[in-house]
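Asks: input-v3.cif (mmCIF, C-alpha atoms) pasted underneath:
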```cif
data_entry
#
loop_
_atom_site.label_atom_id
_atom_site.label_comp_id
_atom_site.auth_asym_id
_atom_site.auth_seq_id
_atom_site.Cartn_x
_atom_site.Cartn_y
_atom_site.Cartn_z
CA MET A 1 0.00 0.00 0.00
CA SER A 2 1.39 3.36 -0.99
CA GLN A 3 -0.80 5.43 1.35
CA PRO A 4 -2.19 4.37 4.71
CA LEU A 5 -6.01 4.16 4.80
CA THR A 6 -7.61 7.05 6.67
CA ARG A 7 -10.22 6.50 9.33
CA GLY A 8 -13.00 7.68 7.00
CA GLN A 9 -11.85 5.56 4.05
CA LEU A 10 -11.75 2.45 6.20
CA ALA A 11 -15.07 3.14 7.99
CA LYS A 12 -16.89 3.18 4.65
CA MET A 13 -15.65 -0.36 4.00
CA ILE A 14 -16.81 -1.84 7.30
CA ASP A 15 -19.90 -3.96 8.01
CA HIS A 16 -20.31 -3.35 11.75
CA THR A 17 -21.31 -6.79 12.93
CA LEU A 18 -23.05 -8.39 15.90
CA LEU A 19 -24.17 -11.96 15.33
CA ARG A 20 -23.69 -13.55 18.74
CA PRO A 21 -26.85 -15.53 19.53
CA GLU A 22 -27.14 -13.94 22.98
CA ALA A 23 -27.19 -10.35 21.61
CA THR A 24 -30.18 -8.40 22.95
CA PRO A 25 -32.21 -5.56 21.40
CA ALA A 26 -30.21 -3.14 23.57
CA ASP A 27 -26.97 -4.44 22.03
CA ILE A 28 -28.39 -3.87 18.54
CA GLU A 29 -29.35 -0.30 19.46
CA ARG A 30 -25.75 0.40 20.49
CA LEU A 31 -24.46 -1.19 17.26
CA CYS A 32 -26.69 1.05 15.14
CA ARG A 33 -25.69 4.21 17.07
CA GLU A 34 -22.02 3.38 16.53
CA ALA A 35 -22.56 2.72 12.82
CA VAL A 36 -24.14 6.15 12.33
CA GLU A 37 -21.56 7.92 14.48
CA HIS A 38 -18.57 6.44 12.65
CA GLY A 39 -20.01 6.21 9.14
CA PHE A 40 -19.76 2.44 8.68
CA ALA A 41 -21.10 0.92 5.45
CA ALA A 42 -23.66 -1.30 7.15
CA VAL A 43 -24.68 -3.06 10.31
CA CYS A 44 -24.75 -6.83 10.06
CA VAL A 45 -27.32 -8.42 12.38
CA ASN A 46 -29.24 -11.66 12.66
CA PRO A 47 -32.66 -11.86 10.90
CA VAL A 48 -34.61 -11.52 14.16
CA TYR A 49 -33.20 -8.00 14.54
CA VAL A 50 -33.65 -6.72 10.96
CA PRO A 51 -36.91 -4.86 11.72
CA LEU A 52 -35.32 -3.12 14.71
CA ALA A 53 -32.15 -2.15 12.82
CA ALA A 54 -34.16 -0.95 9.80
CA ARG A 55 -36.24 1.31 12.04
CA LEU A 56 -33.17 2.70 13.82
CA LEU A 57 -31.25 3.34 10.57
CA ALA A 58 -34.11 4.80 8.50
CA GLY A 59 -32.78 7.91 6.75
CA GLU A 60 -29.21 7.29 8.00
CA GLY A 61 -26.13 6.34 6.01
CA PRO A 62 -25.48 2.74 7.07
CA VAL A 63 -27.71 0.08 5.51
CA VAL A 64 -28.98 -3.11 7.11
CA CYS A 65 -27.14 -6.32 6.24
CA THR A 66 -28.33 -9.69 7.52
CA VAL A 67 -27.24 -13.31 7.27
CA ILE A 68 -29.10 -16.10 5.49
CA ASP A 69 -28.92 -19.80 6.44
CA PHE A 70 -26.20 -18.84 8.84
CA PRO A 71 -23.68 -20.04 9.88
CA LEU A 72 -23.93 -23.59 8.46
CA GLY A 73 -25.47 -23.04 5.01
CA ALA A 74 -27.12 -26.43 5.45
CA GLY A 75 -30.76 -25.49 4.96
CA SER A 76 -32.57 -26.29 1.74
CA ALA A 77 -32.50 -23.99 -1.30
CA ALA A 78 -36.13 -23.06 -0.54
CA ASP A 79 -35.24 -22.29 3.10
CA LYS A 80 -32.57 -19.88 1.90
CA ALA A 81 -34.86 -18.14 -0.59
CA ARG A 82 -37.75 -17.77 1.87
CA GLN A 83 -35.51 -16.39 4.61
CA ALA A 84 -34.03 -13.94 2.10
CA GLU A 85 -37.46 -12.73 0.96
CA ALA A 86 -38.58 -12.19 4.54
CA ALA A 87 -35.40 -10.27 5.42
CA LEU A 88 -35.74 -8.03 2.37
CA THR A 89 -39.37 -7.28 3.22
CA ALA A 90 -38.25 -6.41 6.76
CA GLY A 91 -35.73 -3.88 5.43
CA ALA A 92 -32.44 -5.66 4.74
CA ARG A 93 -30.46 -4.26 1.80
CA GLU A 94 -27.52 -6.68 1.88
CA LEU A 95 -27.71 -10.45 2.40
CA ASP A 96 -24.73 -12.57 3.43
CA VAL A 97 -25.67 -16.17 2.58
CA VAL A 98 -23.60 -19.23 3.44
CA GLN A 99 -22.99 -21.52 0.49
CA PRO A 100 -24.06 -25.18 0.92
CA ILE A 101 -20.62 -26.43 1.89
CA GLY A 102 -21.37 -30.15 1.89
CA LEU A 103 -22.87 -29.98 -1.60
CA LEU A 104 -19.82 -28.04 -2.78
CA LYS A 105 -17.55 -30.71 -1.29
CA ALA A 106 -19.60 -33.41 -3.03
CA GLY A 107 -19.16 -31.70 -6.41
CA ALA A 108 -22.87 -30.91 -6.74
CA ASP A 109 -22.11 -27.61 -8.48
CA ARG A 110 -25.55 -27.20 -10.12
CA GLU A 111 -27.22 -27.53 -6.71
CA VAL A 112 -24.82 -25.01 -5.16
CA VAL A 113 -25.71 -22.46 -7.84
CA ALA A 114 -29.44 -23.17 -7.37
CA HIS A 115 -29.15 -22.52 -3.61
CA LEU A 116 -27.47 -19.18 -4.27
CA ARG A 117 -29.57 -18.20 -7.27
CA GLY A 118 -32.82 -18.15 -5.30
CA VAL A 119 -31.32 -15.66 -2.86
CA VAL A 120 -29.84 -13.49 -5.63
CA GLU A 121 -33.16 -13.36 -7.50
CA ALA A 122 -35.01 -12.21 -4.39
CA ALA A 123 -32.34 -9.59 -3.72
CA GLU A 124 -32.30 -8.24 -7.28
CA GLN A 125 -36.04 -7.75 -7.24
CA ALA A 126 -35.64 -5.69 -4.06
CA GLY A 127 -32.63 -3.71 -5.30
CA ALA A 128 -30.43 -5.42 -2.71
CA LEU A 129 -27.10 -7.21 -3.04
CA VAL A 130 -25.84 -10.66 -2.04
CA LYS A 131 -22.53 -11.74 -0.57
CA VAL A 132 -21.73 -15.45 -0.63
CA ILE A 133 -19.88 -16.72 2.44
CA LEU A 134 -17.49 -19.50 1.44
CA GLU A 135 -16.21 -20.53 4.91
CA THR A 136 -12.70 -20.83 3.54
CA ALA A 137 -11.27 -22.55 6.63
CA LEU A 138 -13.19 -25.67 5.59
CA LEU A 139 -12.07 -25.55 1.94
CA THR A 140 -9.02 -26.45 -0.12
CA PRO A 141 -7.59 -23.79 -2.46
CA ALA A 142 -9.22 -25.56 -5.42
CA GLU A 143 -12.58 -25.56 -3.59
CA ILE A 144 -12.20 -21.84 -2.86
CA GLU A 145 -11.66 -21.15 -6.56
CA ARG A 146 -14.61 -23.31 -7.57
CA SER A 147 -16.82 -21.61 -4.95
CA CYS A 148 -15.88 -18.22 -6.39
CA ARG A 149 -16.81 -19.31 -9.90
CA LEU A 150 -20.18 -20.64 -8.73
CA ALA A 151 -20.94 -17.48 -6.73
CA LEU A 152 -20.13 -15.37 -9.80
CA GLU A 153 -22.34 -17.57 -11.94
CA ALA A 154 -25.20 -17.18 -9.45
CA GLY A 155 -24.95 -13.40 -9.68
CA ALA A 156 -23.45 -12.63 -6.27
CA ARG A 157 -22.00 -9.15 -5.82
CA PHE A 158 -19.41 -10.21 -3.21
CA VAL A 159 -17.67 -13.33 -2.02
CA LYS A 160 -16.91 -13.40 1.71
CA THR A 161 -14.29 -15.45 3.51
CA SER A 162 -15.88 -16.64 6.74
CA THR A 163 -18.85 -16.75 9.08
CA GLY A 164 -16.83 -16.04 12.22
CA PHE A 165 -18.34 -19.23 13.69
CA GLY A 166 -16.20 -21.73 11.79
CA PRO A 167 -12.78 -23.20 12.58
CA GLY A 168 -10.94 -20.13 11.26
CA GLY A 169 -11.41 -16.56 10.08
CA ALA A 170 -10.11 -14.43 7.24
CA THR A 171 -6.55 -14.95 6.02
CA GLU A 172 -4.59 -12.84 3.55
CA GLU A 173 -3.97 -15.99 1.54
CA ALA A 174 -7.68 -16.74 1.14
CA VAL A 175 -8.49 -13.12 0.28
CA ARG A 176 -5.76 -13.06 -2.38
CA LEU A 177 -6.99 -16.34 -3.88
CA MET A 178 -10.59 -15.08 -3.93
CA ARG A 179 -9.63 -11.77 -5.56
CA GLU A 180 -7.68 -13.63 -8.23
CA ALA A 181 -10.66 -15.92 -8.85
CA VAL A 182 -13.34 -13.23 -9.15
CA GLY A 183 -11.24 -10.50 -10.76
CA PRO A 184 -12.31 -6.88 -10.45
CA ALA A 185 -15.98 -7.50 -11.33
CA ILE A 186 -17.32 -8.15 -7.82
CA GLY A 187 -16.31 -7.49 -4.24
CA VAL A 188 -14.35 -9.49 -1.70
CA LYS A 189 -15.35 -9.25 1.96
CA ALA A 190 -12.87 -10.33 4.62
CA ALA A 191 -14.52 -11.33 7.90
CA GLY A 192 -13.67 -13.35 10.97
CA GLY A 193 -11.01 -12.45 13.51
CA ILE A 194 -10.20 -8.95 12.20
CA ARG A 195 -9.72 -6.90 15.37
CA ASP A 196 -7.21 -4.11 14.64
CA TYR A 197 -6.26 -1.50 12.05
CA ALA A 198 -3.13 -3.26 10.83
CA THR A 199 -4.98 -6.51 10.12
CA ALA A 200 -7.78 -4.67 8.32
CA CYS A 201 -5.22 -2.88 6.12
CA ARG A 202 -3.49 -6.16 5.30
CA MET A 203 -6.83 -7.59 4.14
CA VAL A 204 -7.44 -4.58 1.91
CA ALA A 205 -3.92 -4.88 0.50
CA ALA A 206 -4.63 -8.55 -0.28
CA GLY A 207 -7.72 -7.59 -2.28
CA ALA A 208 -10.62 -7.04 0.10
CA ASN A 209 -12.92 -4.04 -0.39
CA ARG A 210 -15.26 -4.81 2.50
CA ILE A 211 -14.41 -5.81 6.07
CA GLY A 212 -16.77 -7.56 8.47
CA ALA A 213 -15.93 -6.97 12.12
CA SER A 214 -17.35 -6.61 15.60
CA ALA A 215 -14.32 -4.61 16.77
CA SER A 216 -14.98 -1.92 14.15
CA VAL A 217 -14.59 1.03 16.50
CA ALA A 218 -11.23 -0.27 17.75
CA ILE A 219 -10.16 -0.91 14.14
CA ILE A 220 -10.76 2.64 12.90
CA SER A 221 -9.31 4.08 16.11
CA GLY A 222 -5.98 2.64 14.99
CA ALA A 223 -5.90 4.78 11.83
CA PRO A 224 -3.19 7.45 11.65
CA MET B 1 -27.97 -46.19 38.70
CA SER B 2 -28.66 -49.63 40.07
CA GLN B 3 -28.12 -51.49 36.77
CA PRO B 4 -25.73 -50.56 33.97
CA LEU B 5 -27.50 -49.66 30.71
CA THR B 6 -27.27 -52.36 28.08
CA ARG B 7 -26.19 -51.61 24.53
CA GLY B 8 -29.76 -52.00 23.27
CA GLN B 9 -31.30 -49.82 25.99
CA LEU B 10 -28.84 -47.03 25.31
CA ALA B 11 -29.08 -47.27 21.49
CA LYS B 12 -32.83 -46.64 21.68
CA MET B 13 -32.11 -43.33 23.45
CA ILE B 14 -29.60 -42.01 20.92
CA ASP B 15 -30.12 -39.44 18.14
CA HIS B 16 -27.27 -40.35 15.81
CA THR B 17 -26.10 -36.93 14.71
CA LEU B 18 -24.15 -35.35 11.86
CA LEU B 19 -24.53 -31.59 11.58
CA ARG B 20 -21.09 -30.48 10.39
CA PRO B 21 -21.63 -28.05 7.51
CA GLU B 22 -19.15 -29.92 5.30
CA ALA B 23 -20.99 -33.27 5.60
CA THR B 24 -21.72 -34.76 2.17
CA PRO B 25 -24.56 -36.99 0.94
CA ALA B 26 -22.18 -39.96 1.26
CA ASP B 27 -21.64 -39.13 4.94
CA ILE B 28 -25.41 -39.04 5.48
CA GLU B 29 -25.77 -42.46 3.81
CA ARG B 30 -23.25 -43.91 6.25
CA LEU B 31 -25.05 -42.27 9.18
CA CYS B 32 -28.37 -43.80 8.16
CA ARG B 33 -26.83 -47.26 7.68
CA GLU B 34 -25.33 -47.11 11.16
CA ALA B 35 -28.61 -45.97 12.68
CA VAL B 36 -30.47 -48.95 11.22
CA GLU B 37 -27.72 -51.41 12.12
CA HIS B 38 -27.49 -50.34 15.76
CA GLY B 39 -31.14 -49.45 16.39
CA PHE B 40 -30.69 -45.79 17.24
CA ALA B 41 -33.82 -43.70 17.93
CA ALA B 42 -33.21 -41.22 15.11
CA VAL B 43 -30.70 -39.67 12.81
CA CYS B 44 -30.24 -35.94 13.28
CA VAL B 45 -29.24 -34.14 10.08
CA ASN B 46 -29.35 -30.63 8.64
CA PRO B 47 -32.50 -29.63 6.69
CA VAL B 48 -30.77 -29.92 3.30
CA TYR B 49 -30.42 -33.68 3.92
CA VAL B 50 -33.91 -34.46 5.25
CA PRO B 51 -35.23 -35.74 1.90
CA LEU B 52 -32.22 -38.06 1.51
CA ALA B 53 -32.45 -39.40 5.08
CA ALA B 54 -36.23 -39.85 4.81
CA ARG B 55 -35.78 -41.91 1.65
CA LEU B 56 -33.01 -44.05 3.18
CA LEU B 57 -34.94 -44.69 6.41
CA ALA B 58 -38.39 -45.34 4.91
CA GLY B 59 -39.79 -48.44 6.62
CA GLU B 60 -36.88 -48.67 9.05
CA GLY B 61 -36.84 -48.09 12.81
CA PRO B 62 -34.94 -44.82 13.19
CA VAL B 63 -36.87 -41.64 12.39
CA VAL B 64 -35.52 -38.44 10.82
CA CYS B 65 -34.76 -35.58 13.18
CA THR B 66 -33.62 -32.19 11.88
CA VAL B 67 -32.61 -28.84 13.31
CA ILE B 68 -34.53 -25.57 12.95
CA ASP B 69 -32.94 -22.09 13.00
CA PHE B 70 -29.73 -23.81 13.96
CA PRO B 71 -27.37 -23.20 15.70
CA LEU B 72 -28.03 -19.55 16.60
CA GLY B 73 -31.83 -19.44 17.02
CA ALA B 74 -31.63 -15.86 15.75
CA GLY B 75 -34.03 -16.05 12.82
CA SER B 76 -37.52 -14.56 13.05
CA ALA B 77 -40.49 -16.49 14.45
CA ALA B 78 -41.81 -16.82 10.89
CA ASP B 79 -38.42 -18.12 9.65
CA LYS B 80 -38.57 -20.86 12.29
CA ALA B 81 -42.16 -21.84 11.46
CA ARG B 82 -41.57 -21.92 7.70
CA GLN B 83 -38.39 -23.99 8.01
CA ALA B 84 -40.25 -26.39 10.30
CA GLU B 85 -43.15 -26.80 7.87
CA ALA B 86 -40.76 -27.51 5.00
CA ALA B 87 -38.81 -30.07 7.02
CA LEU B 88 -41.98 -31.87 8.08
CA THR B 89 -43.19 -32.01 4.48
CA ALA B 90 -39.80 -33.44 3.51
CA GLY B 91 -40.15 -36.25 6.05
CA ALA B 92 -38.77 -35.06 9.40
CA ARG B 93 -40.57 -36.48 12.44
CA GLU B 94 -38.57 -34.68 15.15
CA LEU B 95 -37.52 -31.02 15.13
CA ASP B 96 -34.78 -29.62 17.36
CA VAL B 97 -35.29 -25.84 17.40
CA VAL B 98 -32.94 -23.35 19.03
CA GLN B 99 -34.73 -20.89 21.31
CA PRO B 100 -34.19 -17.17 20.57
CA ILE B 101 -31.43 -16.71 23.12
CA GLY B 102 -31.11 -12.93 22.89
CA LEU B 103 -34.85 -12.44 23.42
CA LEU B 104 -34.71 -14.80 26.40
CA LYS B 105 -31.81 -12.77 27.85
CA ALA B 106 -33.80 -9.56 27.30
CA GLY B 107 -36.77 -10.96 29.25
CA ALA B 108 -39.02 -10.99 26.18
CA ASP B 109 -40.74 -14.16 27.37
CA ARG B 110 -43.91 -13.75 25.27
CA GLU B 111 -41.78 -13.47 22.12
CA VAL B 112 -39.76 -16.55 23.07
CA VAL B 113 -42.96 -18.58 23.44
CA ALA B 114 -44.27 -17.24 20.11
CA HIS B 115 -41.05 -18.32 18.33
CA LEU B 116 -41.42 -21.84 19.74
CA ARG B 117 -45.19 -22.08 19.42
CA GLY B 118 -45.12 -21.71 15.63
CA VAL B 119 -42.80 -24.70 15.37
CA VAL B 120 -44.82 -26.78 17.83
CA GLU B 121 -48.08 -26.10 15.97
CA ALA B 122 -46.57 -27.18 12.67
CA ALA B 123 -45.17 -30.34 14.30
CA GLU B 124 -48.41 -31.28 16.05
CA GLN B 125 -50.33 -31.05 12.78
CA ALA B 126 -47.83 -33.47 11.26
CA GLY B 127 -47.76 -35.85 14.24
CA ALA B 128 -44.15 -34.87 14.95
CA LEU B 129 -42.44 -33.71 18.13
CA VAL B 130 -40.32 -30.70 19.05
CA LYS B 131 -37.22 -30.42 21.21
CA VAL B 132 -36.19 -26.96 22.31
CA ILE B 133 -32.44 -26.39 22.43
CA LEU B 134 -31.58 -24.01 25.27
CA GLU B 135 -27.79 -23.62 24.67
CA THR B 136 -27.16 -23.86 28.39
CA ALA B 137 -23.50 -22.79 28.19
CA LEU B 138 -24.76 -19.25 27.43
CA LEU B 139 -27.32 -19.20 30.26
CA THR B 140 -27.39 -18.69 34.02
CA PRO B 141 -29.17 -21.31 36.15
CA ALA B 142 -32.15 -18.93 36.49
CA GLU B 143 -32.26 -18.50 32.70
CA ILE B 144 -32.15 -22.29 32.23
CA GLU B 145 -35.16 -22.67 34.54
CA ARG B 146 -37.07 -19.89 32.80
CA SER B 147 -36.25 -21.41 29.39
CA CYS B 148 -37.66 -24.75 30.55
CA ARG B 149 -40.90 -23.11 31.73
CA LEU B 150 -41.30 -21.31 28.39
CA ALA B 151 -40.58 -24.48 26.37
CA LEU B 152 -43.18 -26.35 28.42
CA GLU B 153 -45.68 -23.54 27.91
CA ALA B 154 -45.06 -23.65 24.16
CA GLY B 155 -45.85 -27.37 24.07
CA ALA B 156 -42.36 -28.78 23.49
CA ARG B 157 -41.91 -32.50 24.11
CA PHE B 158 -38.23 -32.24 25.06
CA VAL B 159 -35.76 -29.64 26.26
CA LYS B 160 -32.21 -30.12 24.98
CA THR B 161 -29.00 -28.80 26.48
CA SER B 162 -26.81 -27.68 23.58
CA THR B 163 -26.29 -27.26 19.86
CA GLY B 164 -22.76 -28.67 19.87
CA PHE B 165 -21.66 -25.43 18.17
CA GLY B 166 -21.72 -23.18 21.24
CA PRO B 167 -19.09 -22.49 23.88
CA GLY B 168 -19.87 -25.69 25.80
CA GLY B 169 -21.79 -28.95 25.63
CA ALA B 170 -23.96 -30.99 27.98
CA THR B 171 -23.12 -31.03 31.68
CA GLU B 172 -24.66 -33.21 34.40
CA GLU B 173 -25.47 -30.03 36.31
CA ALA B 174 -27.49 -28.54 33.45
CA VAL B 175 -29.30 -31.83 32.82
CA ARG B 176 -30.23 -32.12 36.51
CA LEU B 177 -31.50 -28.54 36.59
CA MET B 178 -33.55 -29.07 33.42
CA ARG B 179 -35.08 -32.31 34.73
CA GLU B 180 -36.04 -30.59 37.98
CA ALA B 181 -37.59 -27.72 36.00
CA VAL B 182 -39.69 -29.81 33.61
CA GLY B 183 -40.54 -32.70 35.94
CA PRO B 184 -41.50 -36.06 34.47
CA ALA B 185 -43.94 -34.65 31.89
CA ILE B 186 -41.50 -34.15 29.00
CA GLY B 187 -38.08 -35.36 27.93
CA VAL B 188 -34.57 -34.05 28.49
CA LYS B 189 -32.01 -34.51 25.72
CA ALA B 190 -28.31 -34.18 26.56
CA ALA B 191 -26.16 -33.25 23.56
CA GLY B 192 -22.75 -31.76 22.92
CA GLY B 193 -19.44 -33.41 23.75
CA ILE B 194 -20.82 -36.86 24.74
CA ARG B 195 -18.28 -39.28 23.29
CA ASP B 196 -18.20 -42.40 25.50
CA TYR B 197 -20.40 -44.86 27.36
CA ALA B 198 -19.56 -43.59 30.84
CA THR B 199 -20.46 -39.99 29.99
CA ALA B 200 -23.73 -41.07 28.35
CA CYS B 201 -24.66 -43.08 31.47
CA ARG B 202 -23.90 -40.10 33.72
CA MET B 203 -26.25 -37.94 31.63
CA VAL B 204 -29.01 -40.54 31.95
CA ALA B 205 -28.42 -40.77 35.69
CA ALA B 206 -28.73 -36.97 35.88
CA GLY B 207 -32.14 -37.11 34.22
CA ALA B 208 -31.66 -37.34 30.44
CA ASN B 209 -33.78 -39.78 28.44
CA ARG B 210 -32.34 -38.89 25.04
CA ILE B 211 -28.70 -38.47 24.00
CA GLY B 212 -27.50 -36.57 20.95
CA ALA B 213 -24.10 -37.70 19.70
CA SER B 214 -21.91 -38.15 16.66
CA ALA B 215 -19.80 -40.80 18.42
CA SER B 216 -22.86 -43.02 18.92
CA VAL B 217 -21.23 -46.22 17.72
CA ALA B 218 -18.26 -45.70 20.06
CA ILE B 219 -20.68 -44.91 22.91
CA ILE B 220 -22.69 -48.14 22.66
CA SER B 221 -19.52 -50.17 22.06
CA GLY B 222 -18.56 -49.27 25.63
CA ALA B 223 -21.62 -51.01 27.10
CA PRO B 224 -20.92 -54.14 29.21
#
```
Any chance you could give the structure as structure tokens?

Replies:
Amino acid sequence: MSQPLTRGQLAKMIDHTLLRPEATPADIERLCREAVEHGFAAVCVNPVYVPLAARLLAGEGPVVCTVIDFPLGAGSAADKARQAEAALTAGARELDVVQPIGLLKAGADREVVAHLRGVVEAAEQAGALVKVILETALLTPAEIERSCRLALEAGARFVKTSTGFGPGGATEEAVRLMREAVGPAIGVKAAGGIRDYATACRMVAAGANRIGASASVAIISGAP
Amino acid sequence: MSQPLTRGQLAKMIDHTLLRPEATPADIERLCREAVEHGFAAVCVNPVYVPLAARLLAGEGPVVCTVIDFPLGAGSAADKARQAEAALTAGARELDVVQPIGLLKAGADREVVAHLRGVVEAAEQAGALVKVILETALLTPAEIERSCRLALEAGARFVKTSTGFGPGGATEEAVRLMREAVGPAIGVKAAGGIRDYATACRMVAAGANRIGASASVAIISGAP
């Protein structure tokens, strides 16, 4: 990187995230306040809290992102599509959906695309965008590349490294591989274990243009 | 316990479980074969594999159990109900649903019951039963007791300790507390980290009458 990222540049790349199952409405209110205050791209919350976050962020800069079939990706294609439709109706504008990892491992590529395509179609109708979570810690490099091709084919607007609930988070190596696989056409979101400014900058240098983090305020506080 | 549990007695209490997101159709086939061979109560699989398991187990002893809004429980009430209806149509006869943990923590007891009630109503119409997963490792003893009361009120047929994806699995202490809270009217399922015969027997002695495990074959092999 020639120039260090400023606080404002980095904030606009961050999905301010709270997906712990024990998070309460009060926690979501704090998350939304912080997102507005610091100018984050989005808040990322579980589906149960989409109506609350949409109400709190109405007319503000950050949009509402939610997760679909999360964190296992092991629901049916119809489960994914129906949860996506409900989240969009409730006010979500970005959907992070977990790919069906077992089907990917089994080489059932047509089924993987079908699972993703139903979510993308619902999102496109609503003017929303979809990020496909690969869960790279469970995949070989060849599986990461194949996942990227299938996500592109399904019409995803981002590929995302990790759920934050798997056996590992974002790595520079995975981000680089994903950026090479998708080219400049769509985004790469690095998420999982990113807790400080230096790590966030390394992910951007490796090819990420969106960062998912819970420690977002600490991350931007580290900017020069 | 006055008498040690025999292999057959214990097998009939076990939900033979494979919920790893990277599990393939071939893994599910093996799981179903083992369930028939050893006489387990059920197989417990992710929703994407319910049609496959239902086909493989048609006319056999073990039934198909699946998980709803798993493992976070942070979907909407409608998400839970719709996923339950789809799983029942696909052949599931037992549904393990994660309670909305954040709402429970926030004291939103009416909402917790509503989330569970939609799943129970769908199951009752289909002649199926519901287990409510509390995720006890995230709860205080008072929250465990309150969760049990709400699950009972919603019409659940079992309370279950853990998802196996949280910060801790089944403990004798949690099982004992849950059995005291629900009395003899409904079941208690211990799941998460149970890998041998001795541990399974301790859970039964503490009050469990169902065991969820991936290491089921190893567990019954330890019986005298």

Asks: Give me, as a compact mmCIF listing (two decimals) with C-alpha atoms, in the frame of the given file, all polymer residues having an atom no more than 7 Å from region 216-223 of chain A, counting all atoms listed in the file and skipping those fewer than 5 positions away in the same chain.

Replies:
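out.txt, written as the output of this step:
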```txt
# COMPACT_ATOMS: atom_id res chain seq x y z
CA THR A 6 -7.61 7.05 6.67
CA ARG A 7 -10.22 6.50 9.33
CA LEU A 10 -11.75 2.45 6.20
CA ALA A 11 -15.07 3.14 7.99
CA HIS A 16 -20.31 -3.35 11.75
CA ARG A 195 -9.72 -6.90 15.37
CA ASP A 196 -7.21 -4.11 14.64
CA TYR A 197 -6.26 -1.50 12.05
```

Asks: Compile the residues of chain B that lie within 7 Å of chain A, evaluated using only C-alpha atoms, and express the compilation as a ChimeraX atom specification.

Replies: /B:21-24,46-48,72-76,79,83,101-103,105-106

Asks: Might you spell out which residues the PyMOL selection byres ((chain B and resi 145-156) around 8) would select in the displayed file, as a PyMOL selection string?

Replies: chain B and resi 104+109+112-114+116-117+120+129-132+134+141-144+157-159+177-178+181-182+186

Asks: Which of these, B:Glu172, B:Asp15, B:Glu85, B:Glu180, has the shortest distance to Thr199 (chain B) once you count all atoms listed in the file?

Replies: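 Under the stated criterion, the closest residue is B:Glu172.
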
Asks: What gap, in Å, lies between CA of Lys12 (chain A) and CA of Ile211 (chain A)?

Replies: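 Answer for the CA of Lys12 (chain A) to CA of Ile211 (chain A) separation: 9.4 Å.
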
Asks: Kindly extract all protein, DNA and RNA residues lying within 8 Å of the coordinates (-10.3, -15.3, 1.0) given in the file, considering all atoms listed in the file, and supply them as a compact mmCIF listing (two decimals) with C-alpha atoms, keeping the file's coordinate frame.

Replies:
```txt
# COMPACT_ATOMS: atom_id res chain seq x y z
CA THR A 136 -12.70 -20.83 3.54
CA ILE A 144 -12.20 -21.84 -2.86
CA LYS A 160 -16.91 -13.40 1.71
CA THR A 161 -14.29 -15.45 3.51
CA ALA A 170 -10.11 -14.43 7.24
CA THR A 171 -6.55 -14.95 6.02
CA GLU A 172 -4.59 -12.84 3.55
CA GLU A 173 -3.97 -15.99 1.54
CA ALA A 174 -7.68 -16.74 1.14
CA VAL A 175 -8.49 -13.12 0.28
CA ARG A 176 -5.76 -13.06 -2.38
CA LEU A 177 -6.99 -16.34 -3.88
CA MET A 178 -10.59 -15.08 -3.93
CA ARG A 179 -9.63 -11.77 -5.56
CA VAL A 188 -14.35 -9.49 -1.70
CA LYS A 189 -15.35 -9.25 1.96
CA ALA A 190 -12.87 -10.33 4.62
```

Asks: Interatomic distance between CA of Arg55 (chain A) and CA of Ile28 (chain A)?

Replies: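 Value for the CA of Arg55 (chain A)-CA of Ile28 (chain A) distance: 11.4 Å.
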
Asks: Using only C-alpha atoms, which protein or nucleic acid residues come within 9 Å of Gly61 (chain A)? Drop anything in the same chain fewer than 5 positions from it, and give the result as an NGL selection string.

Replies: :A and (35-36 or 39-42)

Asks: Which residue is closest to Pro184 (chain B)? Choose from B:Ala208, B:Ile14, B:Ala213, B:Ile133 and count all atoms listed in the file.

Replies: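 Closest residue, counting all atoms listed in the file: B:Ala208.
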
Asks: CA of Thr17 (chain B) and CA of Gln3 (chain B), how far apart in Å?

Replies: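 For CA of Gln3 (chain B) relative to CA of Thr17 (chain B), the distance reads 26.5 Å.
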
Asks: As a compact mmCIF listing (two decimals) with C-alpha atoms, in the coordinates of the input, please: the residues near region 125-127 of chain B (cut-off 10 Å, all atoms listed in the file, same-chain neighbours under 3 positions excluded).

Replies:
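Just written: result37.txt:
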```txt
# COMPACT_ATOMS: atom_id res chain seq x y z
CA GLU B 85 -43.15 -26.80 7.87
CA LEU B 88 -41.98 -31.87 8.08
CA THR B 89 -43.19 -32.01 4.48
CA GLY B 91 -40.15 -36.25 6.05
CA ALA B 92 -38.77 -35.06 9.40
CA ARG B 93 -40.57 -36.48 12.44
CA GLU B 94 -38.57 -34.68 15.15
CA VAL B 120 -44.82 -26.78 17.83
CA GLU B 121 -48.08 -26.10 15.97
CA ALA B 122 -46.57 -27.18 12.67
```
